[in-house]
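S.K.: Sharing a structure here in structure tokens format.
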Amino acid sequence: MAGIVSYGTYIPTYRLPRDLIAKEWGTPSLGGERAIASFDEDSLTLAINASIDALGNRDPQTLSGVFFASTTSPYREKQAAVTVATVLDANPEVRTMDFTDTLRAGTSALLTALDLVQSGKNILVCSGDFRMGEPDSPQEQNYGDAGGALLVGTENVLAEVVGTYTISQEFLGTWRTEEQDYLKSFPGAFETKFGYNRFVAAAVQGVLKKCGLTAKEIANAAIAAPSQRILQAALRGLGLDVKSQVQDTFWNTIGDAGTAQPLVLLAAVLERAKPGDLILAVGYGDGGDAAVFRVTEAIAGFKAVRSVYSQIEVKRTLPSYGKYARFRKLMRKDYTTTDISTPVVLLRDKNEILPLHGGKCPQCGTIQFPIHRICIECGYSKGLEEVKLPRVGKLFTFTHDYLTETPDPPTTHAVIDLDGGGRVYVQLTDCERSASTTKGMV
């Protein structure tokens, strides 16, 4: 039986209190805070970080597919899934697909993977969203940034699929055209009353009927929603107890994470699931997707690389709306120092830049990065063997650079000794100015 083999999530470290947004515009605060991607992050990097955790120590060559879902892909004409596959070091023959243009893209990608997965192979479903609410609007306070990933397969399954259900319907609720930077929606409760409430109800009732289950048999439900209040209203009459059977939406701590939200919520449910639990997952947008999973005994031996709750707790608060505006490029600033690169460099050094390959000397065994022609240790001159380097290491030294212009000064340069050998020079992220330890990924 196909199901979820592993999962990973990525919640950006930065948080923006909604009080700061409200204070800037002199409007009421919705309360709580929202997760904010840093200036050098986007929906693709959010999904990649979650994917690395979901894959863990598994061989990326076993992937038969990589699916990427987002409404805010950084590219208008380029596949993002192939970038995820390259970073993971998957087989070049892997099937890659992008799912986009609807909030239910994340769950649609998941249901497609469950339908297509073959014995002995795995499909990675990842999602990231980076939605922009127009300044001085409720959406600016509502949206949050996050990434989620699920590894789907048929071996060592944590939660096997019991059944799925989909309903598709034309509905103009929230939209954004090619010419618009910000999401648009009709004012009032039109979208929730005639769209969200109906889609969630239809998806829940449809999948339960298809699986021959009642709402009382569901141990926990991961249901995407614009907010916790709207979710509670939508579930009235469905037989699900919001307090005991439904996962909190994290609206107060992350915000509405778009296509990534149902994947993040499902990961949070799995973190606390017990063998035998029946789990319901629901996504919405131009209809609804729903799936029921039964948790297996394998869940007892699984540990996520980074739990959702630990990432929510570890955070940095943005001190001002101005810094958020700088991150989102709402205010224009011409930086004098810019990184200059070309497609030629990326093509030539693709394996070193994306999946992090290094060189190993055939003579002395020294691991080194980047891949040199001559060994830096013994002088062997016939070339190095290309090897994949781990993304975990120990900080050797670092420096805070206050001269390089950046939206989030200072720029932290560091030298990392990788586990198993090799040393890399990188820039670190999410570093406090006085901190000697960092949270970052190579």
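To be explicit about the labels: the chains of the structure tokens are called A, B, and onward in the order shown, and within each one the residues are counted from 1, while ligands get numbers from 1 in the order they are shown.
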Within 7 Å of Thr366 in chain A, counting only C-alpha atoms, which residues show up once you throw out same-chain ones fewer than 5 positions away? Write them as a list in words, please.

M.R.: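 After dropping sequence-adjacent residues, the list is Lys360, Cys361 and Glu377 of chain A.
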
S.K.: For the interface of range 131-236 of chain A with range 88-110 of chain A (cut-off 9 Å, counting only C-alpha atoms), please tabulate each contacting residue of range 131-236 of chain A alongside its nearest pair of atoms and their separation in Å to one decimal, rows sorted by chain and increasing number, as CSV.

M.R.:
residue,atom,partner,partner_atom,distance
A:Gly148,CA,A:Gly106,CA,9.0
A:Leu150,CA,A:Leu110,CA,7.9
A:Val152,CA,A:Leu110,CA,8.1
A:Thr166,CA,A:Ser108,CA,8.5
A:Trp175,CA,A:Thr102,CA,8.8
A:Arg176,CA,A:Asp101,CA,9.0

S.K.: Restricting it to N, CA and C atoms, dump the selection as a short mmCIF file (atom, residue, chain, number, x, y, z; two decimals), in the first residue's frame.

M.R.:
data_model
loop_
_atom_site.label_atom_id
_atom_site.label_comp_id
_atom_site.auth_asym_id
_atom_site.auth_seq_id
_atom_site.Cartn_x
_atom_site.Cartn_y
_atom_site.Cartn_z
N GLY A 148 7.06 22.72 2.89
CA GLY A 148 6.77 21.38 3.39
C GLY A 148 7.11 20.35 2.33
N LEU A 150 6.86 15.87 1.51
CA LEU A 150 6.46 14.51 1.88
C LEU A 150 7.10 13.54 0.90
N VAL A 152 6.74 10.00 -0.68
CA VAL A 152 5.68 9.01 -0.89
C VAL A 152 6.28 7.74 -1.49
N THR A 166 -11.38 14.09 -4.61
CA THR A 166 -11.15 15.41 -5.19
C THR A 166 -12.44 15.95 -5.77
N TRP A 175 -7.34 35.73 -6.48
CA TRP A 175 -6.67 35.55 -7.76
C TRP A 175 -5.55 36.58 -7.93
N ARG A 176 -4.71 36.31 -8.91
CA ARG A 176 -3.65 37.24 -9.29
C ARG A 176 -3.31 36.98 -10.75
#

S.K.: Might you pull out every residue within 6 Å of range 381-391 of chain A, with only C-alpha atoms counted and same-chain residues fewer than 4 positions away left off, and present them as a list in words?

M.R.: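 Returned residues: Leu356, His357, Gly358, Gly359, Lys360, Cys361, Arg373, Ile374 and Val442 of chain A.
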
S.K.: When DSSP is applied to the backbone of this structure, which of range 88-270 of chain A are assigned helix (DSSP H, G or I)? Write them out as a ChimeraX atom specification.

M.R.: /A:88,105-116,138-142,190-211,215-217,228-234,242-245,258-270

S.K.: Please provide the set of residues having any atom within 12 Å of Phe190 in chain A, restricted to only C-alpha atoms, with same-chain residues fewer than 5 positions apart removed, written as an MDAnalysis selection string.

M.R.: chainID A and resid 171:174 185 195:198

S.K.: Please return, as a list in words, all residues of range 20-65 of chain A that DSSP assigns to strand (DSSP E or B) on the basis of the backbone.

M.R.: Glu33, Arg34, Ala35, Ile36, Leu63, Ser64 and Gly65 of chain A

S.K.: Counting only C-alpha atoms, which residues of range 296-402 of chain A fall within 12 Å of range 254-266 of chain A, and what is the closest atom pair for each with its distance in Å at one decimal, ordered by chain and rising number, as JSON lines?

M.R.:
{"residue": "A:Arg306", "atom": "CA", "partner": "A:Val264", "partner_atom": "CA", "distance": 11.9}
{"residue": "A:Ser307", "atom": "CA", "partner": "A:Val264", "partner_atom": "CA", "distance": 10.0}
{"residue": "A:Val308", "atom": "CA", "partner": "A:Val264", "partner_atom": "CA", "distance": 7.4}
{"residue": "A:Tyr309", "atom": "CA", "partner": "A:Val264", "partner_atom": "CA", "distance": 10.5}
{"residue": "A:Gln311", "atom": "CA", "partner": "A:Ile254", "partner_atom": "CA", "distance": 10.2}
{"residue": "A:Ile312", "atom": "CA", "partner": "A:Ile254", "partner_atom": "CA", "distance": 7.6}
{"residue": "A:Glu313", "atom": "CA", "partner": "A:Ile254", "partner_atom": "CA", "distance": 10.8}
{"residue": "A:Lys315", "atom": "CA", "partner": "A:Ile254", "partner_atom": "CA", "distance": 10.8}

S.K.: List as a PyMOL selection string the protein and nucleic acid residues near Glu178 in chain A, meaning an atom at most 12 Å away when only C-alpha atoms are counted, but skip any in the same chain fewer than 6 places from it.

M.R.: chain A and resi 71-72+76+101

S.K.: How would the residues just chosen look if you wrote them out with C-alpha atoms as a CSV table (one decimal), in the first residue's frame?

M.R.:
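So again_28.csv came out as:
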chain,number,residue,atom,x,y,z
A,71,THR,CA,1.5,29.7,-6.4
A,72,THR,CA,4.6,31.9,-6.2
A,76,ARG,CA,7.4,32.4,-14.9
A,101,ASP,CA,-1.9,28.5,-9.9

S.K.: Which residues come within 7 Å of Tyr321 in chain A, counting only C-alpha atoms, excluding same-chain residues fewer than 2 positions away, as a count of residues only?

M.R.: 6

S.K.: Which residue out of A:Asn142, A:Thr177, A:Thr9, A:Thr296 has the minimum interatomic distance to Thr253 in chain A when only C-alpha atoms are used?

M.R.: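 Residue with the minimum atom-to-atom distance to Thr253 in chain A: A:Asn142.
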
S.K.: May I ask which of the residues A:Asp408, A:Asp145, A:Glu160, A:Asp334 is the closest one to Ile299 in chain A, counting only C-alpha atoms?

M.R.: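 That would be A:Glu160, the residue with the smallest distance to Ile299 in chain A.
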
S.K.: What is the CA of Val344 in chain A-CA of Leu418 in chain A distance in Å, reported with one decimal?

M.R.: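 Straight-line distance from CA of Val344 in chain A to CA of Leu418 in chain A works out to 27.3 Å.
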
S.K.: Just checking: using only C-alpha atoms, which residue out of A:Leu63, A:Ala189, A:Ala273, A:Leu183 ends up closest to Pro135 in chain A?

M.R.: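 Closest to Pro135 in chain A of all the choices is A:Leu183.
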
S.K.: Residues within 6 Å of Gln245 in chain A, please, as a PyMOL selection string. Count only C-alpha atoms; anything in the same chain fewer than 4 positions from it doesn't count.

M.R.: chain A and resi 219-220+241

S.K.: So that I have them on file, write out the residues from the current selection with C-alpha atoms, as a tab-separated table (two decimals), in the first residue's frame.

M.R.:
chain	number	residue	atom	x	y	z
A	219	ALA	CA	-7.92	10.78	15.26
A	220	ASN	CA	-6.56	14.04	13.86
A	241	ASP	CA	-14.37	18.39	17.12

S.K.: Looking at only C-alpha atoms, which of A:Val162, A:Leu46, A:Leu231, A:Cys375 is the one that sits closest to Leu278 in chain A?

M.R.: A:Val162

S.K.: Taking only C-alpha atoms into account, produce a table as JSON lines in which each residue of range 130-208 of chain A with an atom at most 12 Å from an atom of range 329-332 of chain A appears once, together with its shortest atom pair and the distance in Å to one decimal, ordered by chain and rising number.

M.R.:
{"residue": "A:Met132", "atom": "CA", "partner": "A:Leu330", "partner_atom": "CA", "distance": 10.5}
{"residue": "A:Gly133", "atom": "CA", "partner": "A:Leu330", "partner_atom": "CA", "distance": 11.4}
{"residue": "A:Glu134", "atom": "CA", "partner": "A:Leu330", "partner_atom": "CA", "distance": 10.1}
{"residue": "A:Pro135", "atom": "CA", "partner": "A:Leu330", "partner_atom": "CA", "distance": 8.7}
{"residue": "A:Asp181", "atom": "CA", "partner": "A:Leu330", "partner_atom": "CA", "distance": 11.0}
{"residue": "A:Tyr182", "atom": "CA", "partner": "A:Leu330", "partner_atom": "CA", "distance": 11.7}

S.K.: To one decimal in Å, tell me the separation between CA of Tyr402 in chain A and CA of Asp430 in chain A.

M.R.: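 Computing it gives 15.2 Å between the two atoms.
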
S.K.: Find the residue from A:Val345, A:Leu30, A:Ile376, A:Ala50 that sits nearest to Asn252 in chain A; use only C-alpha atoms when measuring.

M.R.: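 Closest to Asn252 in chain A of all the choices is A:Leu30.
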
S.K.: I need the residue nearest Ala146 in chain A from this list: A:Ala290, A:Ile167, A:Cys126, A:Ala298. Use only C-alpha atoms for the distance.

M.R.: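 Among the listed residues, A:Cys126 lies closest to Ala146 in chain A.
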